[in-house]
Each structure stands twice: as structure tokens, then as C-alpha cells.
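For reference, structure-v8.txt is printed below; it contains compact mmCIF, C-alpha atoms.
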# COMPACT_ATOMS: atom_id res chain seq x y z
CA MET K 1 -1.45 -69.39 -105.44
CA HIS K 2 -0.80 -72.90 -106.61
CA VAL K 3 -2.28 -76.19 -105.41
CA ILE K 4 -0.14 -78.99 -106.81
CA GLU K 5 -0.80 -82.71 -106.60
CA ASN K 6 2.70 -84.01 -105.99
CA GLU K 7 2.13 -87.12 -108.08
CA THR K 8 1.76 -84.89 -111.14
CA LEU K 9 5.27 -83.44 -110.69
CA PRO K 10 8.13 -84.98 -112.66
CA ASP K 11 10.44 -87.51 -111.07
CA ALA K 12 14.19 -87.35 -111.55
CA THR K 13 17.16 -89.32 -110.32
CA LEU K 14 20.82 -89.15 -109.47
CA PRO K 15 22.58 -92.43 -108.71
CA GLY K 16 20.89 -93.82 -105.59
CA ILE K 17 18.61 -90.79 -105.22
CA ASP K 18 14.99 -90.41 -106.27
CA HIS K 19 14.00 -86.76 -106.51
CA LYS K 20 10.94 -84.60 -106.98
CA THR K 21 10.95 -80.80 -106.88
CA LEU K 22 7.75 -79.89 -105.04
CA ALA K 23 8.08 -76.13 -105.48
CA GLY K 24 10.53 -73.61 -106.82
CA ALA K 25 11.03 -71.04 -109.54
CA ALA K 26 8.67 -72.94 -111.87
CA GLN K 27 5.83 -72.15 -109.44
CA GLY K 28 6.70 -68.46 -109.37
CA LEU K 29 8.85 -68.56 -106.25
CA ALA K 30 11.89 -66.31 -105.93
CA HIS K 31 13.29 -67.30 -102.53
CA LEU K 32 12.29 -70.91 -101.78
CA SER K 33 12.81 -74.35 -103.23
CA VAL K 34 11.32 -77.50 -101.73
CA TRP K 35 12.60 -80.92 -102.76
CA ARG K 36 11.51 -84.43 -101.83
CA GLN K 37 14.21 -87.05 -101.99
CA ALA K 38 14.67 -90.70 -101.14
CA ILE K 39 18.19 -92.12 -100.84
CA ALA K 40 18.39 -95.87 -101.34
CA PRO K 41 20.14 -98.13 -98.81
CA GLY K 42 23.86 -97.78 -99.40
CA GLY K 43 23.36 -94.55 -101.28
CA ALA K 44 24.50 -91.03 -100.50
CA THR K 45 24.48 -87.52 -101.85
CA PRO K 46 27.80 -86.43 -103.26
CA PRO K 47 29.74 -84.17 -100.89
CA HIS K 48 28.53 -80.72 -101.91
CA ARG K 49 27.50 -77.26 -100.79
CA HIS K 50 25.05 -74.49 -101.61
CA ASP K 51 25.39 -70.77 -101.11
CA CYS K 52 22.09 -70.64 -99.26
CA GLU K 53 20.59 -72.00 -96.05
CA GLU K 54 19.15 -75.52 -96.18
CA VAL K 55 16.83 -77.39 -93.82
CA VAL K 56 16.18 -81.11 -94.25
CA VAL K 57 13.23 -82.79 -92.53
CA VAL K 58 13.85 -86.54 -92.30
CA GLU K 59 10.66 -88.56 -92.42
CA ALA K 60 11.96 -92.14 -92.51
CA GLY K 61 15.18 -94.09 -92.46
CA ARG K 62 18.53 -93.63 -90.81
CA GLY K 63 21.42 -91.52 -92.03
CA ARG K 64 24.70 -89.82 -91.39
CA LEU K 65 25.33 -86.12 -91.90
CA VAL K 66 28.98 -85.38 -92.60
CA GLY K 67 30.13 -81.78 -92.74
CA GLY K 68 31.40 -78.77 -90.90
CA GLY K 69 34.06 -80.90 -89.24
CA THR K 70 31.53 -83.26 -87.64
CA THR K 71 29.75 -86.52 -88.36
CA ARG K 72 26.30 -87.03 -86.85
CA THR K 73 23.92 -89.93 -87.23
CA PHE K 74 20.17 -89.47 -87.23
CA GLY K 75 16.94 -91.41 -87.42
CA PRO K 76 13.47 -90.55 -88.62
CA ASP K 77 11.60 -87.46 -87.41
CA THR K 78 14.76 -85.41 -87.35
CA THR K 79 15.58 -81.95 -88.71
CA LEU K 80 18.98 -81.07 -90.17
CA VAL K 81 20.04 -77.42 -90.41
CA ILE K 82 22.86 -76.77 -92.86
CA PRO K 83 24.34 -73.25 -93.09
CA PRO K 84 25.36 -71.73 -96.42
CA ASN K 85 28.61 -72.80 -98.03
CA VAL K 86 29.31 -75.71 -95.70
CA ASP K 87 30.38 -78.85 -97.56
CA HIS K 88 28.11 -81.69 -96.48
CA GLN K 89 27.04 -85.19 -97.40
CA ILE K 90 24.01 -87.24 -96.38
CA VAL K 91 24.53 -90.99 -96.33
CA ASN K 92 21.85 -93.66 -95.90
CA ILE K 93 23.22 -95.96 -93.18
CA GLY K 94 20.04 -98.00 -92.74
CA ASP K 95 18.36 -100.81 -94.59
CA GLU K 96 15.34 -98.83 -95.74
CA SER K 97 14.87 -95.78 -97.94
CA LEU K 98 15.99 -92.51 -96.33
CA ARG K 99 13.09 -90.19 -97.05
CA MET K 100 13.51 -86.45 -96.68
CA THR K 101 12.08 -83.07 -97.57
CA ALA K 102 14.80 -80.49 -98.23
CA VAL K 103 14.13 -76.77 -98.17
CA PHE K 104 16.42 -74.09 -99.59
CA ALA K 105 16.42 -70.32 -99.22
CA MET K 106 16.96 -69.81 -102.94
CA THR K 107 15.53 -70.93 -106.26
CA PRO K 108 16.81 -72.32 -108.53
CA VAL K 109 19.23 -74.06 -106.17
CA ALA K 110 22.90 -74.03 -107.17
CA VAL K 111 24.92 -77.07 -106.07
CA PHE K 112 28.72 -77.04 -105.93
CA LEU K 113 31.05 -79.96 -105.45
CA THR K 114 33.78 -79.60 -102.84
CA ASP K 115 36.24 -78.43 -105.51
CA GLY K 116 33.93 -75.57 -106.33
CA GLN K 117 32.70 -76.99 -109.62
CA PRO K 118 28.96 -76.63 -110.19
CA LEU K 119 27.03 -79.91 -110.18
CA PRO K 120 24.54 -79.91 -113.05
CA LEU K 121 21.20 -81.18 -111.76
CA PRO K 122 18.88 -83.39 -113.79
CA TRP K 123 15.84 -81.58 -112.40
CA ALA K 124 14.35 -78.09 -112.25
CA SER K 125 15.41 -76.93 -108.84
CA MET W 1 25.11 -77.58 -88.49
CA HIS W 2 22.32 -78.81 -86.26
CA VAL W 3 20.78 -82.28 -86.00
CA ILE W 4 17.54 -81.96 -84.07
CA GLU W 5 15.29 -84.76 -82.87
CA ASN W 6 11.88 -83.24 -83.52
CA GLU W 7 10.35 -84.80 -80.41
CA THR W 8 12.70 -82.64 -78.31
CA LEU W 9 11.27 -79.41 -79.77
CA PRO W 10 8.54 -77.61 -77.86
CA ASP W 11 4.89 -78.03 -78.81
CA ALA W 12 2.56 -75.08 -79.01
CA THR W 13 -1.06 -74.55 -79.93
CA LEU W 14 -3.56 -72.12 -81.33
CA PRO W 15 -7.25 -73.09 -81.17
CA GLY W 16 -7.58 -76.24 -83.30
CA ILE W 17 -3.91 -76.18 -84.35
CA ASP W 18 -1.00 -78.18 -82.95
CA HIS W 19 2.31 -76.60 -83.84
CA LYS W 20 6.01 -77.33 -83.68
CA THR W 21 8.72 -75.08 -85.10
CA LEU W 22 11.26 -77.46 -86.62
CA ALA W 23 13.80 -74.80 -87.57
CA GLY W 24 14.15 -71.05 -87.58
CA ALA W 25 16.08 -68.20 -86.06
CA ALA W 26 16.70 -70.22 -82.87
CA GLN W 27 18.80 -72.63 -84.95
CA GLY W 28 20.85 -69.81 -86.44
CA LEU W 29 18.83 -69.41 -89.62
CA ALA W 30 18.33 -65.98 -91.18
CA HIS W 31 16.12 -66.75 -94.20
CA LEU W 32 14.10 -69.92 -93.48
CA SER W 33 11.52 -71.12 -91.00
CA VAL W 34 10.03 -74.61 -91.06
CA TRP W 35 6.87 -75.39 -89.13
CA ARG W 36 4.95 -78.63 -88.60
CA GLN W 37 1.26 -78.21 -87.95
CA ALA W 38 -1.81 -80.38 -87.53
CA ILE W 39 -5.24 -78.82 -87.88
CA ALA W 40 -8.00 -80.75 -86.13
CA PRO W 41 -11.20 -81.74 -87.96
CA GLY W 42 -13.40 -78.66 -88.12
CA GLY W 43 -10.44 -76.43 -87.44
CA ALA W 44 -8.81 -73.74 -89.56
CA THR W 45 -6.08 -71.18 -89.53
CA PRO W 46 -7.33 -67.64 -89.13
CA PRO W 47 -7.39 -65.72 -92.41
CA HIS W 48 -3.93 -64.15 -92.47
CA ARG W 49 -0.91 -63.20 -94.55
CA HIS W 50 2.85 -62.99 -94.37
CA ASP W 51 5.22 -60.66 -96.18
CA CYS W 52 7.25 -63.61 -97.44
CA GLU W 53 6.78 -66.61 -99.69
CA GLU W 54 5.26 -69.73 -98.12
CA VAL W 55 5.13 -73.34 -99.28
CA VAL W 56 2.97 -75.91 -97.49
CA VAL W 57 3.50 -79.63 -98.03
CA VAL W 58 0.36 -81.53 -97.03
CA GLU W 59 1.10 -85.00 -95.72
CA ALA W 60 -2.33 -86.19 -94.58
CA GLY W 61 -5.92 -85.08 -94.44
CA ARG W 62 -8.14 -82.97 -96.66
CA GLY W 63 -8.38 -79.20 -96.72
CA ARG W 64 -9.49 -76.04 -98.43
CA LEU W 65 -7.19 -73.18 -99.34
CA VAL W 66 -9.03 -69.88 -99.53
CA GLY W 67 -7.21 -66.82 -100.83
CA GLY W 68 -6.19 -64.76 -103.79
CA GLY W 69 -9.78 -64.71 -105.00
CA THR W 70 -10.00 -68.49 -105.26
CA THR W 71 -11.01 -71.50 -103.19
CA ARG W 72 -9.28 -74.80 -103.85
CA THR W 73 -9.69 -78.12 -102.11
CA PHE W 74 -6.82 -80.54 -101.69
CA GLY W 75 -5.99 -83.96 -100.32
CA PRO W 76 -2.82 -85.52 -98.98
CA ASP W 77 0.47 -85.40 -100.89
CA THR W 78 -0.21 -81.90 -102.14
CA THR W 79 1.92 -78.77 -102.21
CA LEU W 80 0.46 -75.30 -101.71
CA VAL W 81 2.40 -72.25 -102.93
CA ILE W 82 1.33 -68.97 -101.34
CA PRO W 83 2.89 -65.72 -102.57
CA PRO W 84 3.81 -62.91 -100.18
CA ASN W 85 1.09 -60.66 -98.83
CA VAL W 86 -1.85 -62.72 -100.09
CA ASP W 87 -4.52 -63.21 -97.43
CA HIS W 88 -5.18 -66.92 -97.09
CA GLN W 89 -6.83 -69.49 -94.86
CA ILE W 90 -6.39 -73.24 -94.61
CA VAL W 91 -9.45 -75.16 -93.43
CA ASN W 92 -9.63 -78.83 -92.48
CA ILE W 93 -12.62 -80.20 -94.40
CA GLY W 94 -11.99 -83.86 -93.59
CA ASP W 95 -12.57 -86.11 -90.64
CA GLU W 96 -8.94 -86.68 -89.78
CA SER W 97 -6.09 -84.41 -88.75
CA LEU W 98 -4.76 -82.20 -91.55
CA ARG W 99 -1.00 -82.62 -91.24
CA MET W 100 1.33 -80.19 -92.97
CA THR W 101 4.87 -78.87 -93.09
CA ALA W 102 4.97 -75.14 -93.79
CA VAL W 103 8.08 -73.39 -95.04
CA PHE W 104 8.67 -69.64 -95.02
CA ALA W 105 11.33 -67.49 -96.68
CA MET W 106 11.88 -65.50 -93.51
CA THR W 107 12.57 -66.05 -89.85
CA PRO W 108 11.07 -65.18 -87.44
CA VAL W 109 7.82 -65.31 -89.38
CA ALA W 110 5.51 -62.32 -89.06
CA VAL W 111 1.78 -63.07 -89.33
CA PHE W 112 -0.79 -60.38 -90.05
CA LEU W 113 -4.54 -60.65 -89.84
CA THR W 114 -6.56 -59.37 -92.80
CA ASP W 115 -6.98 -55.97 -91.13
CA GLY W 116 -3.20 -55.63 -91.01
CA GLN W 117 -2.89 -56.21 -87.29
CA PRO W 118 -0.01 -58.47 -86.31
CA LEU W 119 -1.05 -61.83 -84.86
CA PRO W 120 1.09 -62.63 -81.84
CA LEU W 121 2.24 -66.25 -82.06
CA PRO W 122 2.56 -68.53 -79.04
CA TRP W 123 5.71 -70.11 -80.49
CA ALA W 124 9.18 -69.13 -81.61
CA SER W 125 8.76 -68.85 -85.35

Transcribe the structure of this file into C-alpha cells.
Amino acid sequence: MHVIENETLPDATLPGIDHKTLAGAAQGLAHLSVWRQAIAPGGATPPHRHDCEEVVVVEAGRGRLVGGGTTRTFGPDTTLVIPPNVDHQIVNIGDESLRMTAVFAMTPVAVFLTDGQPLPLPWAS
Amino acid sequence: MHVIENETLPDATLPGIDHKTLAGAAQGLAHLSVWRQAIAPGGATPPHRHDCEEVVVVEAGRGRLVGGGTTRTFGPDTTLVIPPNVDHQIVNIGDESLRMTAVFAMTPVAVFLTDGQPLPLPWAS
């Protein structure tokens, strides 16, 4: 078992996204990754997909989830369920940081752009 | 894809524990469950185990994680990583609610007491 003070974990960034991997392969997991992310106002994830299930718990901010042929807006205290291999994008549409915890049913997490190219991540996933 | 306002999800309880399942089999997932729980001051989970990996993100409060031959205390903004089939117990040792998001690499989640008996849950897991 591991007890990890989150502030001791490394921070990483993509443009407009602050990231911290809370748990994953580095902690001995084989089937789970847990990420904490904050998307800045005006920021967004790139459109992308994973070949595993993803659940995002939104703690603060307002966003738009685009994918699977739909566009849905959401506020804080919302849960997003994203099936495997569905291209999706999360956009901050508010004026505060969009804070989220994202959970994946694999580790490390592979991320693919919509053209199928892998997106190299600047963090252990 | 699902966008779920958490306040619309049903609440459930065990003694000293407020529970809400944020996502799981009911949302079409096959490999992930996400729970939100609050353990009241003086409260604790029963000692128990799962046959899947678990990650707990602690948002507020102070607790003790007992299991795997160790006892560790933790505060807010902490991540607990619990391997499969390790008996464990989370105890609120503070004077405020211990608020956590727990993630499991299976759905529904099976819970076993330390004698191996299944613990029936009063919520969809």
C-alpha cells in the first residue's frame, strides 16, 4: 500500500493544462491511473481518445465535452463517462480554472490524436 | 458518453459513511467504479478487501489506513493506493468529515470482510 502526499508528486504541463499523476504504474498499479488536471480559462485538451474507459470528476469550473457526435456543457460537481476509443475534447468555457480528476482503466495511459497518432505525454501516466 | 450532475445520483449510507456512486456499471462501464464517500468523525469503514486495485483520493479530513501489516496516518490532499486482496480499513481520526473519492478497477465492486464473507452493499457499485 502507498500513502502519497499529492504535493510531493511532480507537476507537468501541456499548453493550458496543469497536470499531476496521482497514481499509476509508478505506484505498482496495473489497471488504474488517476490524474488531476486544471484547464485554464480558454484552454482545452486536444481532441483525442484512449483505448480504455475514462471517468472524469469535475470539481470546479465550467466546461464543454465534445465527442461521440454530441456536445454537452457541464458545471462543477459533475461526472463525465467516456467509453473507450471515442474521440473527445474537454474545453474550459468559464472564467475560472476547470479542475478535474480523471480516472482510466489502464496504466500507463495511451493517448491518441484523432488521426490515430500517439500523443507523447510529458508526464508518467 | 454520459454527463451526470452528481446531485442527481442517489445517496446511500453505511453506519458512519455517506456514499454516492458517481460512475459504474449503471453508466455502461465494465472496468471502473468511482465512489464518493464521507466518513463521519469517529467513523470507519469495516476492515475489508476487494479483488481489484483501489485508489482513494482524500480531499478533506484526517484518517488512518490500516492494512498490509502497516498503519499510516494521512491528511487532506493525499492519495492511497491499495492493491487487490489486501485487507484494509480507513478510520476518521479527525474532528471533521473525512471526504474521499475511491476508484476501483472493477464494476460492480465486490467487498469481502476479513473472514471472506461478502459484504452486501446498500448501493449500486

> Taking only C-alpha atoms into account, which residues of chain K are within 9 Å of chain W, as JSON, numbers by chain?
Replying inline: {"K": [1, 2, 3, 4, 5, 6, 7, 22, 23, 27, 28, 29, 30, 31, 32, 33, 34, 52, 53, 54, 55, 57, 65, 67, 68, 70, 72, 73, 74, 75, 76, 77, 78, 79, 80, 81, 82, 83, 86, 103, 104, 105, 106]}

Once chain W is fitted onto chain K by least squares over all its in-order Cα atoms, send the moved chain as a PDB file with C-alpha atoms, in the coordinates of the input.
ATOM      1  CA  MET W   1      -1.453 -69.376-105.424  1.00  0.00           C
ATOM      2  CA  HIS W   2      -0.789 -72.897-106.622  1.00  0.00           C
ATOM      3  CA  VAL W   3      -2.273 -76.186-105.413  1.00  0.00           C
ATOM      4  CA  ILE W   4      -0.144 -78.989-106.804  1.00  0.00           C
ATOM      5  CA  GLU W   5      -0.812 -82.711-106.587  1.00  0.00           C
ATOM      6  CA  ASN W   6       2.695 -84.014-105.986  1.00  0.00           C
ATOM      7  CA  GLU W   7       2.129 -87.136-108.078  1.00  0.00           C
ATOM      8  CA  THR W   8       1.755 -84.878-111.138  1.00  0.00           C
ATOM      9  CA  LEU W   9       5.271 -83.447-110.692  1.00  0.00           C
ATOM     10  CA  PRO W  10       8.117 -84.985-112.660  1.00  0.00           C
ATOM     11  CA  ASP W  11      10.443 -87.526-111.067  1.00  0.00           C
ATOM     12  CA  ALA W  12      14.173 -87.347-111.548  1.00  0.00           C
ATOM     13  CA  THR W  13      17.155 -89.304-110.319  1.00  0.00           C
ATOM     14  CA  LEU W  14      20.814 -89.144-109.483  1.00  0.00           C
ATOM     15  CA  PRO W  15      22.599 -92.432-108.719  1.00  0.00           C
ATOM     16  CA  GLY W  16      20.896 -93.827-105.601  1.00  0.00           C
ATOM     17  CA  ILE W  17      18.611 -90.792-105.222  1.00  0.00           C
ATOM     18  CA  ASP W  18      14.982 -90.399-106.272  1.00  0.00           C
ATOM     19  CA  HIS W  19      14.006 -86.761-106.515  1.00  0.00           C
ATOM     20  CA  LYS W  20      10.945 -84.603-106.984  1.00  0.00           C
ATOM     21  CA  THR W  21      10.941 -80.807-106.878  1.00  0.00           C
ATOM     22  CA  LEU W  22       7.746 -79.891-105.039  1.00  0.00           C
ATOM     23  CA  ALA W  23       8.078 -76.133-105.483  1.00  0.00           C
ATOM     24  CA  GLY W  24      10.531 -73.616-106.836  1.00  0.00           C
ATOM     25  CA  ALA W  25      11.027 -71.042-109.535  1.00  0.00           C
ATOM     26  CA  ALA W  26       8.659 -72.927-111.875  1.00  0.00           C
ATOM     27  CA  GLN W  27       5.829 -72.150-109.440  1.00  0.00           C
ATOM     28  CA  GLY W  28       6.693 -68.459-109.365  1.00  0.00           C
ATOM     29  CA  LEU W  29       8.848 -68.559-106.251  1.00  0.00           C
ATOM     30  CA  ALA W  30      11.891 -66.305-105.927  1.00  0.00           C
ATOM     31  CA  HIS W  31      13.311 -67.302-102.523  1.00  0.00           C
ATOM     32  CA  LEU W  32      12.297 -70.915-101.769  1.00  0.00           C
ATOM     33  CA  SER W  33      12.801 -74.354-103.241  1.00  0.00           C
ATOM     34  CA  VAL W  34      11.319 -77.507-101.737  1.00  0.00           C
ATOM     35  CA  TRP W  35      12.604 -80.917-102.757  1.00  0.00           C
ATOM     36  CA  ARG W  36      11.501 -84.434-101.819  1.00  0.00           C
ATOM     37  CA  GLN W  37      14.207 -87.054-101.992  1.00  0.00           C
ATOM     38  CA  ALA W  38      14.669 -90.712-101.146  1.00  0.00           C
ATOM     39  CA  ILE W  39      18.172 -92.110-100.832  1.00  0.00           C
ATOM     40  CA  ALA W  40      18.389 -95.864-101.347  1.00  0.00           C
ATOM     41  CA  PRO W  41      20.137 -98.119 -98.813  1.00  0.00           C
ATOM     42  CA  GLY W  42      23.866 -97.783 -99.396  1.00  0.00           C
ATOM     43  CA  GLY W  43      23.349 -94.551-101.263  1.00  0.00           C
ATOM     44  CA  ALA W  44      24.502 -91.020-100.495  1.00  0.00           C
ATOM     45  CA  THR W  45      24.480 -87.528-101.840  1.00  0.00           C
ATOM     46  CA  PRO W  46      27.806 -86.428-103.249  1.00  0.00           C
ATOM     47  CA  PRO W  47      29.736 -84.170-100.877  1.00  0.00           C
ATOM     48  CA  HIS W  48      28.522 -80.720-101.908  1.00  0.00           C
ATOM     49  CA  ARG W  49      27.477 -77.256-100.787  1.00  0.00           C
ATOM     50  CA  HIS W  50      25.046 -74.494-101.611  1.00  0.00           C
ATOM     51  CA  ASP W  51      25.391 -70.758-101.119  1.00  0.00           C
ATOM     52  CA  CYS W  52      22.093 -70.642 -99.243  1.00  0.00           C
ATOM     53  CA  GLU W  53      20.612 -72.006 -96.044  1.00  0.00           C
ATOM     54  CA  GLU W  54      19.161 -75.526 -96.171  1.00  0.00           C
ATOM     55  CA  VAL W  55      16.841 -77.393 -93.820  1.00  0.00           C
ATOM     56  CA  VAL W  56      16.185 -81.116 -94.242  1.00  0.00           C
ATOM     57  CA  VAL W  57      13.241 -82.792 -92.529  1.00  0.00           C
ATOM     58  CA  VAL W  58      13.855 -86.540 -92.302  1.00  0.00           C
ATOM     59  CA  GLU W  59      10.659 -88.559 -92.418  1.00  0.00           C
ATOM     60  CA  ALA W  60      11.956 -92.134 -92.523  1.00  0.00           C
ATOM     61  CA  GLY W  61      15.168 -94.089 -92.481  1.00  0.00           C
ATOM     62  CA  ARG W  62      18.536 -93.635 -90.819  1.00  0.00           C
ATOM     63  CA  GLY W  63      21.412 -91.512 -92.041  1.00  0.00           C
ATOM     64  CA  ARG W  64      24.700 -89.806 -91.389  1.00  0.00           C
ATOM     65  CA  LEU W  65      25.331 -86.113 -91.903  1.00  0.00           C
ATOM     66  CA  VAL W  66      28.978 -85.376 -92.591  1.00  0.00           C
ATOM     67  CA  GLY W  67      30.140 -81.772 -92.740  1.00  0.00           C
ATOM     68  CA  GLY W  68      31.387 -78.766 -90.881  1.00  0.00           C
ATOM     69  CA  GLY W  69      34.049 -80.889 -89.221  1.00  0.00           C
ATOM     70  CA  THR W  70      31.528 -83.237 -87.629  1.00  0.00           C
ATOM     71  CA  THR W  71      29.732 -86.499 -88.336  1.00  0.00           C
ATOM     72  CA  ARG W  72      26.293 -87.019 -86.844  1.00  0.00           C
ATOM     73  CA  THR W  73      23.918 -89.922 -87.231  1.00  0.00           C
ATOM     74  CA  PHE W  74      20.168 -89.470 -87.223  1.00  0.00           C
ATOM     75  CA  GLY W  75      16.938 -91.415 -87.426  1.00  0.00           C
ATOM     76  CA  PRO W  76      13.457 -90.549 -88.614  1.00  0.00           C
ATOM     77  CA  ASP W  77      11.607 -87.451 -87.403  1.00  0.00           C
ATOM     78  CA  THR W  78      14.774 -85.392 -87.361  1.00  0.00           C
ATOM     79  CA  THR W  79      15.584 -81.951 -88.719  1.00  0.00           C
ATOM     80  CA  LEU W  80      18.986 -81.079 -90.164  1.00  0.00           C
ATOM     81  CA  VAL W  81      20.047 -77.422 -90.402  1.00  0.00           C
ATOM     82  CA  ILE W  82      22.878 -76.765 -92.848  1.00  0.00           C
ATOM     83  CA  PRO W  83      24.342 -73.256 -93.087  1.00  0.00           C
ATOM     84  CA  PRO W  84      25.359 -71.733 -96.419  1.00  0.00           C
ATOM     85  CA  ASN W  85      28.609 -72.797 -98.027  1.00  0.00           C
ATOM     86  CA  VAL W  86      29.325 -75.710 -95.687  1.00  0.00           C
ATOM     87  CA  ASP W  87      30.371 -78.848 -97.559  1.00  0.00           C
ATOM     88  CA  HIS W  88      28.105 -81.678 -96.478  1.00  0.00           C
ATOM     89  CA  GLN W  89      27.034 -85.190 -97.386  1.00  0.00           C
ATOM     90  CA  ILE W  90      24.006 -87.223 -96.378  1.00  0.00           C
ATOM     91  CA  VAL W  91      24.523 -90.988 -96.323  1.00  0.00           C
ATOM     92  CA  ASN W  92      21.864 -93.662 -95.894  1.00  0.00           C
ATOM     93  CA  ILE W  93      23.212 -95.965 -93.176  1.00  0.00           C
ATOM     94  CA  GLY W  94      20.033 -98.004 -92.747  1.00  0.00           C
ATOM     95  CA  ASP W  95      18.352-100.805 -94.599  1.00  0.00           C
ATOM     96  CA  GLU W  96      15.344 -98.844 -95.760  1.00  0.00           C
ATOM     97  CA  SER W  97      14.876 -95.789 -97.947  1.00  0.00           C
ATOM     98  CA  LEU W  98      15.995 -92.526 -96.337  1.00  0.00           C
ATOM     99  CA  ARG W  99      13.092 -90.190 -97.062  1.00  0.00           C
ATOM    100  CA  MET W 100      13.523 -86.450 -96.673  1.00  0.00           C
ATOM    101  CA  THR W 101      12.084 -83.072 -97.573  1.00  0.00           C
ATOM    102  CA  ALA W 102      14.801 -80.506 -98.242  1.00  0.00           C
ATOM    103  CA  VAL W 103      14.140 -76.784 -98.181  1.00  0.00           C
ATOM    104  CA  PHE W 104      16.426 -74.105 -99.598  1.00  0.00           C
ATOM    105  CA  ALA W 105      16.421 -70.321 -99.227  1.00  0.00           C
ATOM    106  CA  MET W 106      16.980 -69.830-102.937  1.00  0.00           C
ATOM    107  CA  THR W 107      15.545 -70.942-106.235  1.00  0.00           C
ATOM    108  CA  PRO W 108      16.811 -72.333-108.532  1.00  0.00           C
ATOM    109  CA  VAL W 109      19.228 -74.067-106.188  1.00  0.00           C
ATOM    110  CA  ALA W 110      22.891 -74.032-107.167  1.00  0.00           C
ATOM    111  CA  VAL W 111      24.928 -77.066-106.075  1.00  0.00           C
ATOM    112  CA  PHE W 112      28.715 -77.036-105.947  1.00  0.00           C
ATOM    113  CA  LEU W 113      31.036 -79.962-105.464  1.00  0.00           C
ATOM    114  CA  THR W 114      33.788 -79.608-102.860  1.00  0.00           C
ATOM    115  CA  ASP W 115      36.251 -78.440-105.523  1.00  0.00           C
ATOM    116  CA  GLY W 116      33.909 -75.564-106.341  1.00  0.00           C
ATOM    117  CA  GLN W 117      32.701 -76.988-109.625  1.00  0.00           C
ATOM    118  CA  PRO W 118      28.972 -76.627-110.191  1.00  0.00           C
ATOM    119  CA  LEU W 119      27.041 -79.905-110.198  1.00  0.00           C
ATOM    120  CA  PRO W 120      24.543 -79.905-113.044  1.00  0.00           C
ATOM    121  CA  LEU W 121      21.200 -81.187-111.758  1.00  0.00           C
ATOM    122  CA  PRO W 122      18.875 -83.385-113.804  1.00  0.00           C
ATOM    123  CA  TRP W 123      15.829 -81.574-112.403  1.00  0.00           C
ATOM    124  CA  ALA W 124      14.351 -78.103-112.250  1.00  0.00           C
ATOM    125  CA  SER W 125      15.421 -76.932-108.825  1.00  0.00           C
TER     126      SER W 125
END

> Please, what distance in Å, to one decimal, runs between CA of Ala25 in chain K and CA of Val111 in chain K?
Replying inline: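 Straight-line distance from CA of Ala25 in chain K to CA of Val111 in chain K works out to 15.5 Å.
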
> Which value, in Å to one decimal, gives the distance between CA of Met100 in chain K and CA of Asp51 in chain W?
Replying inline: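 Distance reported for this atom pair: 27.1 Å.
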
>> Tell me which residues come within 12 Å of (35.5, -78.5, -106.3), as a PyMOL selection string, counting only C-alpha atoms in the file's coordinates.
In response: chain K and resi 46-49+87+111-119

Mind dumping the selected residues with C-alpha atoms as a short mmCIF file (atom, residue, chain, number, x, y, z; two decimals), in the frame of the given file?
data_model
loop_
_atom_site.label_atom_id
_atom_site.label_comp_id
_atom_site.auth_asym_id
_atom_site.auth_seq_id
_atom_site.Cartn_x
_atom_site.Cartn_y
_atom_site.Cartn_z
CA PRO K 46 27.80 -86.43 -103.26
CA PRO K 47 29.74 -84.17 -100.89
CA HIS K 48 28.53 -80.72 -101.91
CA ARG K 49 27.50 -77.26 -100.79
CA ASP K 87 30.38 -78.85 -97.56
CA VAL K 111 24.92 -77.07 -106.07
CA PHE K 112 28.72 -77.04 -105.93
CA LEU K 113 31.05 -79.96 -105.45
CA THR K 114 33.78 -79.60 -102.84
CA ASP K 115 36.24 -78.43 -105.51
CA GLY K 116 33.93 -75.57 -106.33
CA GLN K 117 32.70 -76.99 -109.62
CA PRO K 118 28.96 -76.63 -110.19
CA LEU K 119 27.03 -79.91 -110.18
#

> In terms of the shortest atom-to-atom distance over all atoms listed in the file, which of K:Arg99, K:Arg36, K:His50, K:Lys20 is closest to Asn85 in chain K?
Replying inline: K:His50
